[in-house]
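Below: protein-v3.cif (mmCIF, C-alpha atoms)
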data_start
#
loop_
_atom_site.label_atom_id
_atom_site.label_comp_id
_atom_site.auth_asym_id
_atom_site.auth_seq_id
_atom_site.Cartn_x
_atom_site.Cartn_y
_atom_site.Cartn_z
CA MET A 1 50.82 -34.99 58.44
CA PHE A 2 52.21 -35.53 54.95
CA ASP A 3 52.14 -38.84 53.15
CA LEU A 4 55.67 -38.79 51.73
CA SER A 5 57.47 -41.67 50.12
CA ASP A 6 60.75 -42.88 51.61
CA GLU A 7 62.58 -41.05 48.84
CA GLN A 8 60.73 -37.81 49.57
CA GLU A 9 61.39 -38.14 53.30
CA GLU A 10 65.10 -38.54 52.66
CA ARG A 11 65.06 -35.59 50.28
CA ALA A 12 63.29 -33.38 52.84
CA ARG A 13 65.76 -34.42 55.54
CA ARG A 14 68.71 -33.62 53.27
CA LEU A 15 67.31 -30.26 52.22
CA HIS A 16 66.62 -29.21 55.79
CA GLN A 17 70.17 -30.07 56.71
CA GLU A 18 71.92 -28.58 53.67
CA CYS A 19 69.89 -25.41 53.02
CA LEU A 20 70.74 -22.24 54.90
CA ILE A 21 67.56 -21.63 56.88
CA VAL A 22 66.62 -18.08 57.84
CA ASP A 23 63.91 -17.01 60.25
CA ALA A 24 63.41 -13.40 59.20
CA THR A 25 61.51 -12.53 62.40
CA ALA A 26 62.77 -13.96 65.66
CA LEU A 27 62.14 -12.10 68.92
CA PHE A 28 64.56 -10.97 71.58
CA HIS A 29 64.34 -14.13 73.68
CA VAL A 30 66.06 -16.10 70.88
CA ALA A 31 69.18 -13.99 71.49
CA SER A 32 68.91 -13.82 75.27
CA LYS A 33 67.49 -17.07 76.63
CA GLU A 34 69.10 -20.47 76.14
CA ARG A 35 65.81 -22.35 75.97
CA TRP A 36 64.59 -20.38 72.96
CA PHE A 37 67.98 -20.09 71.31
CA ASN A 38 68.35 -23.87 71.53
CA GLN A 39 64.83 -24.50 70.24
CA ALA A 40 65.53 -22.41 67.14
CA ARG A 41 68.92 -24.01 66.60
CA ASN A 42 67.61 -27.54 67.10
CA GLY A 43 64.78 -26.81 64.65
CA GLY A 44 67.35 -26.07 61.98
CA VAL A 45 67.50 -22.26 62.02
CA ASP A 46 70.92 -21.17 60.76
CA VAL A 47 70.30 -17.42 60.92
CA ALA A 48 67.76 -15.56 63.04
CA TRP A 49 66.92 -11.96 62.21
CA VAL A 50 66.24 -10.90 65.78
CA THR A 51 64.01 -7.99 66.81
CA ILE A 52 66.19 -6.01 69.20
CA GLY A 53 64.88 -2.69 70.47
CA GLY A 54 63.11 -0.33 68.12
CA ASN A 55 59.87 0.49 69.91
CA ALA A 56 61.53 2.26 72.83
CA GLY A 57 64.02 5.14 72.67
CA MET A 58 67.57 4.90 71.43
CA ALA A 59 68.98 4.36 74.92
CA GLU A 60 66.76 1.31 75.46
CA THR A 61 67.62 0.01 72.00
CA VAL A 62 71.37 0.27 72.69
CA ARG A 63 70.84 -1.46 76.04
CA ALA A 64 69.03 -4.30 74.28
CA VAL A 65 71.89 -4.60 71.79
CA ALA A 66 74.38 -4.79 74.67
CA ASN A 67 72.41 -7.62 76.27
CA ALA A 68 72.24 -9.53 72.99
CA LEU A 69 75.96 -9.09 72.39
CA ARG A 70 76.71 -10.39 75.89
CA PHE A 71 74.59 -13.47 75.19
CA ILE A 72 76.30 -14.08 71.86
CA GLU A 73 79.76 -13.64 73.36
CA SER A 74 78.96 -16.02 76.22
CA HIS A 75 77.79 -18.62 73.67
CA ALA A 76 80.55 -18.07 71.13
CA ASP A 77 80.86 -21.80 70.46
CA VAL A 78 77.31 -21.95 69.05
CA ALA A 79 76.33 -18.34 68.25
CA ALA A 80 77.70 -15.57 66.03
CA HIS A 81 76.76 -11.94 65.44
CA VAL A 82 76.34 -11.64 61.66
CA ARG A 83 75.91 -8.64 59.36
CA THR A 84 76.67 -9.96 55.88
CA VAL A 85 75.70 -12.92 53.74
CA GLU A 86 79.22 -14.33 53.91
CA GLU A 87 79.17 -14.13 57.70
CA MET A 88 75.88 -16.05 57.65
CA ARG A 89 77.31 -18.75 55.44
CA GLN A 90 80.42 -18.94 57.60
CA ALA A 91 78.30 -19.33 60.74
CA LYS A 92 76.56 -22.32 59.17
CA ARG A 93 79.89 -23.84 58.13
CA ASP A 94 81.11 -23.40 61.70
CA GLY A 95 78.01 -25.05 63.16
CA LYS A 96 76.81 -21.82 64.77
CA MET A 97 73.52 -19.95 64.59
CA GLY A 98 73.92 -16.46 63.21
CA ILE A 99 72.13 -13.55 64.89
CA LEU A 100 71.35 -10.52 62.72
CA PHE A 101 69.93 -7.41 64.38
CA ALA A 102 66.59 -6.01 63.17
CA THR A 103 63.71 -3.93 64.47
CA GLN A 104 59.97 -3.91 63.91
CA ASP A 105 59.64 -0.17 64.65
CA ALA A 106 61.64 3.00 63.93
CA ALA A 107 60.28 4.88 66.96
CA CYS A 108 63.73 4.45 68.51
CA LEU A 109 65.08 7.14 66.16
CA ASP A 110 63.59 9.77 68.47
CA GLY A 111 62.88 12.06 65.54
CA ASP A 112 66.46 12.12 64.25
CA TYR A 113 67.44 9.91 61.32
CA ALA A 114 71.14 10.54 62.08
CA TYR A 115 70.75 7.68 64.57
CA LEU A 116 70.52 5.31 61.60
CA ALA A 117 74.29 5.58 61.16
CA LEU A 118 74.71 4.38 64.73
CA MET A 119 72.31 1.52 64.17
CA LYS A 120 74.21 0.45 61.06
CA HIS A 121 77.42 0.52 63.12
CA LEU A 122 75.78 -1.66 65.78
CA GLY A 123 74.92 -4.23 63.13
CA TYR A 124 71.34 -3.45 62.16
CA ARG A 125 70.53 -4.48 58.58
CA VAL A 126 66.70 -4.49 58.71
CA MET A 127 64.31 -1.93 60.21
CA GLY A 128 60.53 -1.83 60.34
CA LEU A 129 59.17 1.67 59.78
CA THR A 130 56.19 1.27 62.12
CA TYR A 131 54.80 -1.28 64.51
CA SER A 132 50.99 -1.59 64.53
CA GLU A 133 50.58 1.95 65.88
CA SER A 134 51.42 5.27 64.26
CA ASN A 135 54.73 7.01 64.85
CA MET A 136 56.59 9.98 63.40
CA LEU A 137 57.12 8.12 60.12
CA GLY A 138 53.62 6.93 59.27
CA ASP A 139 50.75 4.66 60.29
CA GLY A 140 50.81 1.09 61.48
CA CYS A 141 48.44 -1.63 60.34
CA GLY A 142 46.24 -1.32 63.41
CA GLU A 143 45.42 2.37 63.17
CA ARG A 144 42.04 3.85 62.18
CA THR A 145 43.81 5.94 59.51
CA ARG A 146 45.93 3.11 58.08
CA GLU A 147 44.30 3.35 54.64
CA ILE A 148 44.78 7.12 54.44
CA ARG A 149 47.93 8.26 56.24
CA GLY A 150 51.13 7.51 54.38
CA LEU A 151 54.71 8.51 55.08
CA SER A 152 55.44 11.81 56.78
CA TYR A 153 58.27 13.97 55.44
CA PHE A 154 60.40 12.48 58.20
CA GLY A 155 59.39 9.00 57.06
CA VAL A 156 60.48 9.82 53.51
CA ASP A 157 63.85 11.03 54.81
CA VAL A 158 64.28 7.87 56.88
CA VAL A 159 63.57 5.60 53.90
CA HIS A 160 66.12 7.48 51.77
CA GLU A 161 68.76 7.32 54.52
CA MET A 162 68.12 3.62 55.07
CA ASN A 163 68.63 3.09 51.33
CA ARG A 164 71.93 4.98 51.49
CA LEU A 165 73.21 3.01 54.47
CA GLY A 166 72.08 -0.40 53.25
CA ILE A 167 69.46 -0.97 55.96
CA LEU A 168 66.52 -2.82 54.43
CA VAL A 169 63.02 -1.32 54.75
CA ASP A 170 60.57 -3.69 56.46
CA LEU A 171 56.86 -2.92 56.07
CA ALA A 172 55.40 -5.98 57.80
CA HIS A 173 53.44 -3.91 60.35
CA SER A 174 52.90 -0.78 58.28
CA GLY A 175 49.46 0.47 57.29
CA ASP A 176 48.24 0.28 53.72
CA ALA A 177 49.05 3.86 52.69
CA THR A 178 52.41 3.88 54.46
CA THR A 179 53.30 0.56 52.83
CA MET A 180 52.67 1.83 49.33
CA ASP A 181 54.33 5.19 49.99
CA ALA A 182 57.50 3.52 51.27
CA ILE A 183 57.64 1.18 48.28
CA ARG A 184 57.38 4.17 45.95
CA GLU A 185 60.10 6.10 47.81
CA SER A 186 62.57 3.25 48.24
CA THR A 187 65.29 2.63 45.66
CA GLN A 188 66.16 -0.68 47.32
CA PRO A 189 64.17 -3.89 47.93
CA CYS A 190 61.38 -3.61 50.49
CA LEU A 191 60.45 -6.48 52.78
CA PHE A 192 57.42 -7.89 54.55
CA THR A 193 59.42 -9.96 57.05
CA HIS A 194 56.36 -11.52 58.70
CA ALA A 195 53.07 -10.96 56.91
CA ASN A 196 50.62 -13.17 55.06
CA VAL A 197 48.11 -12.84 52.23
CA ARG A 198 45.00 -10.77 52.93
CA ALA A 199 43.08 -12.46 50.12
CA ILE A 200 43.25 -15.68 52.18
CA SER A 201 42.92 -14.27 55.69
CA ASP A 202 41.28 -10.86 55.83
CA THR A 203 43.14 -8.99 58.57
CA SER A 204 44.87 -5.63 58.25
CA ARG A 205 48.09 -7.30 59.45
CA ASN A 206 48.21 -9.12 56.10
CA LYS A 207 49.07 -7.67 52.71
CA THR A 208 46.88 -7.10 49.67
CA ASP A 209 47.71 -8.43 46.23
CA GLU A 210 48.54 -4.88 45.12
CA GLN A 211 51.04 -4.51 47.96
CA ILE A 212 52.60 -7.92 47.32
CA VAL A 213 53.08 -7.15 43.63
CA ALA A 214 54.57 -3.73 44.43
CA MET A 215 56.94 -5.28 46.98
CA ALA A 216 58.08 -7.90 44.48
CA GLU A 217 58.72 -5.22 41.86
CA THR A 218 61.31 -3.71 44.23
CA GLY A 219 63.02 -7.10 44.36
CA GLY A 220 61.82 -7.72 47.90
CA VAL A 221 60.74 -10.80 49.86
CA MET A 222 57.68 -11.65 51.96
CA GLY A 223 58.05 -13.86 55.04
CA ILE A 224 55.05 -16.11 55.65
CA THR A 225 54.29 -16.63 59.33
CA GLY A 226 52.25 -19.07 61.42
CA LEU A 227 50.40 -16.51 63.57
CA PRO A 228 46.95 -18.14 63.57
CA ARG A 229 44.73 -15.19 62.66
CA MET A 230 47.09 -14.31 59.83
CA VAL A 231 46.84 -17.85 58.45
CA ASN A 232 43.08 -18.31 58.63
CA ASN A 233 40.02 -16.11 59.20
CA ASP A 234 39.11 -18.67 61.85
CA LEU A 235 42.28 -18.55 63.95
CA TYR A 236 41.31 -21.86 65.58
CA ALA A 237 41.58 -23.54 62.16
CA ALA A 238 45.10 -22.34 61.31
CA SER A 239 47.44 -25.15 60.24
CA LEU A 240 50.72 -25.86 58.48
CA ASP A 241 48.71 -26.64 55.36
CA GLY A 242 47.31 -23.14 55.62
CA VAL A 243 50.82 -21.69 55.86
CA LEU A 244 51.74 -23.60 52.71
CA ASP A 245 48.64 -22.18 51.00
CA HIS A 246 49.97 -18.67 51.64
CA ILE A 247 53.36 -19.65 50.22
CA ASP A 248 51.72 -21.15 47.13
CA TYR A 249 49.63 -18.00 46.67
CA VAL A 250 52.64 -15.67 46.75
CA VAL A 251 54.61 -17.91 44.39
CA SER A 252 51.68 -17.97 41.97
CA LEU A 253 51.21 -14.20 42.20
CA VAL A 254 54.81 -12.91 42.01
CA GLY A 255 57.17 -15.88 41.64
CA ILE A 256 59.44 -18.08 43.71
CA ASP A 257 62.03 -15.34 44.35
CA HIS A 258 59.80 -13.31 46.64
CA VAL A 259 58.73 -15.58 49.48
CA GLY A 260 60.43 -16.81 52.65
CA PHE A 261 59.70 -17.61 56.29
CA GLY A 262 59.27 -15.26 59.27
CA GLY A 263 58.34 -17.11 62.45
CA ASP A 264 57.57 -14.29 64.94
CA TYR A 265 57.22 -16.92 67.67
CA THR A 266 56.14 -15.20 70.87
CA ASP A 267 55.16 -18.07 73.16
CA SER A 268 58.00 -17.39 75.60
CA ILE A 269 56.61 -13.93 76.35
CA ALA A 270 52.99 -14.91 76.89
CA ARG A 271 53.22 -18.35 78.44
CA VAL A 272 56.57 -18.89 80.08
CA GLU A 273 58.14 -15.74 81.46
CA LEU A 274 55.22 -13.64 82.62
CA GLY A 275 56.32 -10.54 84.44
CA GLU A 276 59.66 -10.24 82.68
CA MET A 277 60.27 -7.26 80.44
CA LEU A 278 61.70 -8.25 77.08
CA PRO A 279 63.42 -5.32 75.35
CA GLY A 280 62.13 -4.65 71.88
CA HIS A 281 58.61 -6.06 72.06
CA GLY A 282 56.41 -4.24 74.52
CA THR A 283 56.62 -3.64 78.24
CA ALA A 284 53.38 -5.07 79.62
CA THR A 285 52.70 -8.68 80.52
CA THR A 286 49.62 -10.65 79.62
CA THR A 287 48.65 -10.87 83.29
CA SER A 288 48.75 -7.12 83.83
CA MET A 289 46.86 -6.45 80.61
CA LYS A 290 43.95 -8.61 81.80
CA LYS A 291 43.59 -6.43 84.89
CA ALA A 292 43.37 -3.06 83.14
CA PRO A 293 43.17 -1.67 79.62
CA PRO A 294 46.64 -1.02 78.19
CA THR A 295 47.97 2.43 77.51
CA VAL A 296 49.69 3.71 74.39
CA GLY A 297 53.10 2.15 74.09
CA ALA A 298 52.08 -1.18 75.60
CA GLY A 299 53.07 -2.97 72.40
CA TRP A 300 51.36 -6.17 71.30
CA ALA A 301 48.83 -6.19 74.16
CA TYR A 302 47.40 -2.80 73.21
CA TRP A 303 46.41 -4.11 69.80
CA ARG A 304 44.92 -7.29 71.20
CA VAL A 305 42.51 -5.03 73.12
CA LYS A 306 41.85 -2.34 70.52
CA ARG A 307 41.79 -4.62 67.47
CA PRO A 308 40.97 -8.21 68.44
CA ASP A 309 39.81 -8.68 64.84
CA MET A 310 43.37 -8.13 63.67
CA LEU A 311 45.17 -10.94 65.54
CA GLY A 312 42.80 -12.17 68.22
CA THR A 313 42.28 -11.34 71.89
CA ILE A 314 44.86 -11.35 74.67
CA GLU A 315 43.34 -14.58 76.00
CA GLU A 316 43.60 -16.18 72.57
CA ARG A 317 47.28 -15.28 72.41
CA ASP A 318 47.72 -17.45 75.51
CA THR A 319 45.45 -20.30 74.46
CA VAL A 320 45.45 -20.59 70.67
CA PRO A 321 48.67 -22.09 69.30
CA TYR A 322 50.45 -21.00 66.18
CA ALA A 323 49.39 -22.84 63.03
CA LYS A 324 48.93 -26.48 63.99
CA GLY A 325 51.95 -28.42 62.86
CA LEU A 326 54.17 -25.33 62.98
CA GLU A 327 53.67 -24.20 66.57
CA ASN A 328 57.33 -23.46 67.24
CA HIS A 329 60.82 -23.64 65.78
CA SER A 330 61.22 -27.32 66.63
CA GLN A 331 58.66 -28.15 63.90
CA LEU A 332 60.46 -26.37 61.07
CA PRO A 333 61.51 -29.70 59.51
CA ASP A 334 57.81 -30.24 58.80
CA LEU A 335 57.72 -26.99 56.82
CA THR A 336 60.42 -28.46 54.59
CA ARG A 337 58.49 -31.73 54.35
CA GLY A 338 55.41 -29.74 53.37
CA LEU A 339 57.28 -27.92 50.61
CA VAL A 340 58.46 -31.26 49.25
CA ALA A 341 54.89 -32.61 49.45
CA ARG A 342 53.66 -29.57 47.49
CA GLY A 343 56.06 -30.39 44.67
CA TYR A 344 58.71 -27.69 45.04
CA ASP A 345 62.09 -28.61 43.53
CA ASP A 346 65.35 -28.37 45.46
CA GLU A 347 66.25 -24.89 44.24
CA SER A 348 62.82 -23.54 45.13
CA VAL A 349 62.91 -25.08 48.61
CA ALA A 350 66.33 -23.52 49.20
CA LYS A 351 65.02 -20.11 48.12
CA ILE A 352 61.99 -20.26 50.41
CA LEU A 353 63.98 -21.50 53.41
CA GLY A 354 66.64 -18.80 53.20
CA GLU A 355 68.27 -17.99 49.88
CA ASN A 356 65.73 -15.31 48.97
CA TRP A 357 66.56 -13.42 52.18
CA LEU A 358 70.27 -13.77 51.46
CA ARG A 359 69.79 -12.39 47.97
CA VAL A 360 68.20 -9.13 49.11
CA LEU A 361 70.65 -8.69 51.96
CA GLY A 362 73.58 -9.42 49.68
CA GLN A 363 72.68 -6.64 47.30
CA ARG A 364 73.97 -4.13 49.85
CA GLY A 365 76.84 -6.01 51.46
#
Starting from the coordinates I provided, produce the structure as structure tokens.
Amino acid sequence: MFDLSDEQEERARRLHQECLIVDATALFHVASKERWFNQARNGGVDVAWVTIGGNAGMAETVRAVANALRFIESHADVAAHVRTVEEMRQAKRDGKMGILFATQDAACLDGDYAYLALMKHLGYRVMGLTYSESNMLGDGCGERTREIRGLSYFGVDVVHEMNRLGILVDLAHSGDATTMDAIRESTQPCLFTHANVRAISDTSRNKTDEQIVAMAETGGVMGITGLPRMVNNDLYAASLDGVLDHIDYVVSLVGIDHVGFGGDYTDSIARVELGEMLPGHGTATTTSMKKAPPTVGAGWAYWRVKRPDMLGTIEERDTVPYAKGLENHSQLPDLTRGLVARGYDDESVAKILGENWLRVLGQRG
């Protein structure tokens, strides 16, 4: 894949082992199923920011947290619940994978931002304002009004309360107007935990140059992902080289301090455990979605039907792999090799693999 010299290969191996590697968007199965936990750990992930709850009500979110905590406690020799940067570094020193709680949607607040205090107590440090649909806060990236409808008054209040509590604002799935509104309202760094560059791949799930610059001006970080349609306009042509092109673009546009990695690997949901409900990322299986159009609240499948231009069809989710060469966590060492091949120095590689995420999280504890 990359024609590295022996010296470069050794350097890439060392960096992948020594750097603290963060996946800023892992899904619930990484903190509930051994197969996927082990795949992430074996691929070198030291800390996974895991999507737990968020799109359902508060009761379902708390239930999802309880299940994740049970998994972590039953795997205490290799897993740790982490909230702070120091706890993340300690987990790596102890040979454990840290699990940090995050959401991709604030619908779980049920119209009351007082619940944010509870979420902070449970260990949440990152929250997406919207998923691809609209909610009480604003519009998601899939909506017809995404370029017009910004934050509601409630959304403004939620952003301010998140700032106060030290919960980072994630706009990865937010619509264009909501994204810019939230950046203007936030006094703390804003994140795109798993979003790519729209100038390279023209889908509303990706971010414009204006949005990327505005995010960077808050001190935030953008996590590049391998979702194929977000890497390339032709999702069948998505590759690790394409992922690296997105990283290069962000570095050129706003600097090395504002880019990281957000995997968002969903293959366990679509291909392996059909029929099982995974808290925090939709309630409908691929099989059921093929039989009938999804209803509102069906999560990822709804948007594969309504907006196949955004990420691809339901069938393509099952058949088109993530960017070739970066199909799953086990191939993360090749991301490091690719960064070395592109000429990034050791400090820059460390920032992209995890240190940029640690910086923004460390600003608030």
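Applied to this file, the PyMOL selection byres ((chain A and resi 310) around 8) selects Gly142, Thr203, Ser204, Arg205, Arg229, Trp303, Arg304, Arg307, Pro308, Asp309, Leu311 and Gly312 of chain A.
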Do you have the CA of Thr61 (chain A)-CA of Ala117 (chain A) distance handy?
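The value is 13.9 Å.
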The PyMOL selection byres ((chain A and resi 25-28) around 8) - which residues does that actually catch in the file I just gave you? List them as a PyMOL selection string.
chain A and resi 23-24+29-32+48-52+68+193-194+262-266+278-281
For this file, the PyMOL selection byres ((chain A and resi 364) around 9) selects which residues, as number ranges by chain?
A: 84, 165-168, 188, 360-363, 365
A straight line from CA of Ala12 (chain A) to CA of Pro333 (chain A) spans 7.8 Å
Residues within 12 Å of Val158 (chain A), please, as a compact mmCIF listing (two decimals) with C-alpha atoms, in the frame of the given file. Count all atoms listed in the file; anything in the same chain fewer than 5 positions from it doesn't count.
# COMPACT_ATOMS: atom_id res chain seq x y z
CA ALA A 106 61.64 3.00 63.93
CA ALA A 107 60.28 4.88 66.96
CA LEU A 109 65.08 7.14 66.16
CA ASP A 110 63.59 9.77 68.47
CA GLY A 111 62.88 12.06 65.54
CA ASP A 112 66.46 12.12 64.25
CA TYR A 113 67.44 9.91 61.32
CA ALA A 114 71.14 10.54 62.08
CA TYR A 115 70.75 7.68 64.57
CA LEU A 116 70.52 5.31 61.60
CA ALA A 117 74.29 5.58 61.16
CA MET A 127 64.31 -1.93 60.21
CA GLY A 128 60.53 -1.83 60.34
CA LEU A 129 59.17 1.67 59.78
CA THR A 130 56.19 1.27 62.12
CA MET A 136 56.59 9.98 63.40
CA LEU A 137 57.12 8.12 60.12
CA GLY A 138 53.62 6.93 59.27
CA LEU A 151 54.71 8.51 55.08
CA SER A 152 55.44 11.81 56.78
CA TYR A 153 58.27 13.97 55.44
CA ASN A 163 68.63 3.09 51.33
CA ARG A 164 71.93 4.98 51.49
CA LEU A 165 73.21 3.01 54.47
CA GLY A 166 72.08 -0.40 53.25
CA ILE A 167 69.46 -0.97 55.96
CA LEU A 168 66.52 -2.82 54.43
CA VAL A 169 63.02 -1.32 54.75
CA ALA A 182 57.50 3.52 51.27
CA GLU A 185 60.10 6.10 47.81
CA SER A 186 62.57 3.25 48.24
Expressed in Å, the length from CA of Asn55 (chain A) to CA of Val156 (chain A) is 18.9 Å
Contacts of Asp241 (chain A) within 10 Å, only C-alpha atoms, excl. fewer than 5 positions in-chain, as a VMD selection string
chain A and resid 1 to 2 231 246 to 247 323 to 326 335 338 to 339 342
For region 297-311 of chain A, take all atoms listed in the file, fit an axis-aligned box around them, add 6 Å to each of the six sides, then output centre and edge lengths in Å rounded to one decimal, as lines of an AutoDock Vina configuration file.
center_x = 46.5
center_y = -4.4
center_z = 69.6
size_x = 25.3
size_y = 25.1
size_z = 23.9
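The nearest approach to Glu147 (chain A) among the residues A:Thr208, A:Phe192, A:Asp345, A:Gly54, with all atoms listed in the file taken into account, belongs to A:Thr208.
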Would you mind listing what lies within 12 Å of Ala199 (chain A) as a ChimeraX atom specification, with only C-alpha atoms counted and same-chain residues fewer than 6 positions away left out?
/A:205-212,230-233,245-246,249-250,253
Which polymer residues have any atom within 12 Å of an atom of Ser5 (chain A), counting only C-alpha atoms, with same-chain residues fewer than 3 positions away left out, as a PDB file with C-alpha atoms, in the frame of the given file?
ATOM      1  CA  PHE A   2      52.210 -35.530  54.950  1.00  0.00           C
ATOM      2  CA  GLN A   8      60.730 -37.810  49.570  1.00  0.00           C
ATOM      3  CA  GLU A   9      61.390 -38.140  53.300  1.00  0.00           C
ATOM      4  CA  GLU A  10      65.100 -38.540  52.660  1.00  0.00           C
ATOM      5  CA  ARG A  11      65.060 -35.590  50.280  1.00  0.00           C
ATOM      6  CA  ALA A  12      63.290 -33.380  52.840  1.00  0.00           C
ATOM      7  CA  ARG A 337      58.490 -31.730  54.350  1.00  0.00           C
ATOM      8  CA  VAL A 340      58.460 -31.260  49.250  1.00  0.00           C
ATOM      9  CA  ALA A 341      54.890 -32.610  49.450  1.00  0.00           C
TER      10      ALA A 341
END
Around the point (61.8, -24.6, 45.5) (coordinates from the file), which residues reach within 12 Å if we count only C-alpha atoms? Answer as a PyMOL selection string.
chain A and resi 12+15+19+247-248+251+255-260+336-356
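Take the candidates A:Asp157, A:His329, A:Thr218, A:Asp334 and check each one against Leu240 (chain A) using all atoms listed in the file; the shortest distance goes to A:Asp334.
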Choose the residue, out of A:Asp46, A:Glu316, A:Glu133, A:Glu73, that has the smallest atom-to-atom separation from Gln104 (chain A); count all atoms listed in the file.
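Looking at the shortest contact to Gln104 (chain A), the residue is A:Glu133.
With distances restricted to only C-alpha atoms, A:Phe261 is the closest residue to Met222 (chain A) from A:Asp176, A:Phe261, A:Arg146, A:Ser252.
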So which one's closest to Gln17 (chain A), A:Ile224, A:Leu191, A:Gly44, A:Tyr322? Using all atoms listed in the file, please.
A:Gly44
Would you mind completing region 351-363 of chain A so that it carries N, CA and C atoms, and writing it out as a CSV table (one decimal), in the coordinates of the input?
chain,number,residue,atom,x,y,z
A,351,LYS,N,65.4,-21.5,48.2
A,351,LYS,CA,65.0,-20.1,48.1
A,351,LYS,C,64.0,-19.7,49.2
A,352,ILE,N,63.0,-20.6,49.4
A,352,ILE,CA,62.0,-20.3,50.4
A,352,ILE,C,62.6,-20.3,51.8
A,353,LEU,N,63.4,-21.3,52.1
A,353,LEU,CA,64.0,-21.5,53.4
A,353,LEU,C,65.0,-20.4,53.8
A,354,GLY,N,65.6,-19.8,52.8
A,354,GLY,CA,66.6,-18.8,53.2
A,354,GLY,C,67.3,-18.0,52.1
A,355,GLU,N,67.5,-18.6,50.9
A,355,GLU,CA,68.3,-18.0,49.9
A,355,GLU,C,67.6,-16.7,49.4
A,356,ASN,N,66.3,-16.6,49.4
A,356,ASN,CA,65.7,-15.3,49.0
A,356,ASN,C,66.1,-14.2,49.9
A,357,TRP,N,66.1,-14.4,51.2
A,357,TRP,CA,66.6,-13.4,52.2
A,357,TRP,C,68.0,-13.0,52.0
A,358,LEU,N,68.8,-14.0,51.7
A,358,LEU,CA,70.3,-13.8,51.5
A,358,LEU,C,70.5,-12.9,50.2
A,359,ARG,N,69.6,-13.2,49.2
A,359,ARG,CA,69.8,-12.4,48.0
A,359,ARG,C,69.6,-10.9,48.2
A,360,VAL,N,68.5,-10.6,48.9
A,360,VAL,CA,68.2,-9.1,49.1
A,360,VAL,C,69.2,-8.5,50.0
A,361,LEU,N,69.6,-9.2,51.0
A,361,LEU,CA,70.6,-8.7,52.0
A,361,LEU,C,72.0,-8.5,51.2
A,362,GLY,N,72.3,-9.5,50.4
A,362,GLY,CA,73.6,-9.4,49.7
A,362,GLY,C,73.7,-8.3,48.7
A,363,GLN,N,72.6,-7.7,48.3
A,363,GLN,CA,72.7,-6.6,47.3
A,363,GLN,C,73.3,-5.4,47.9
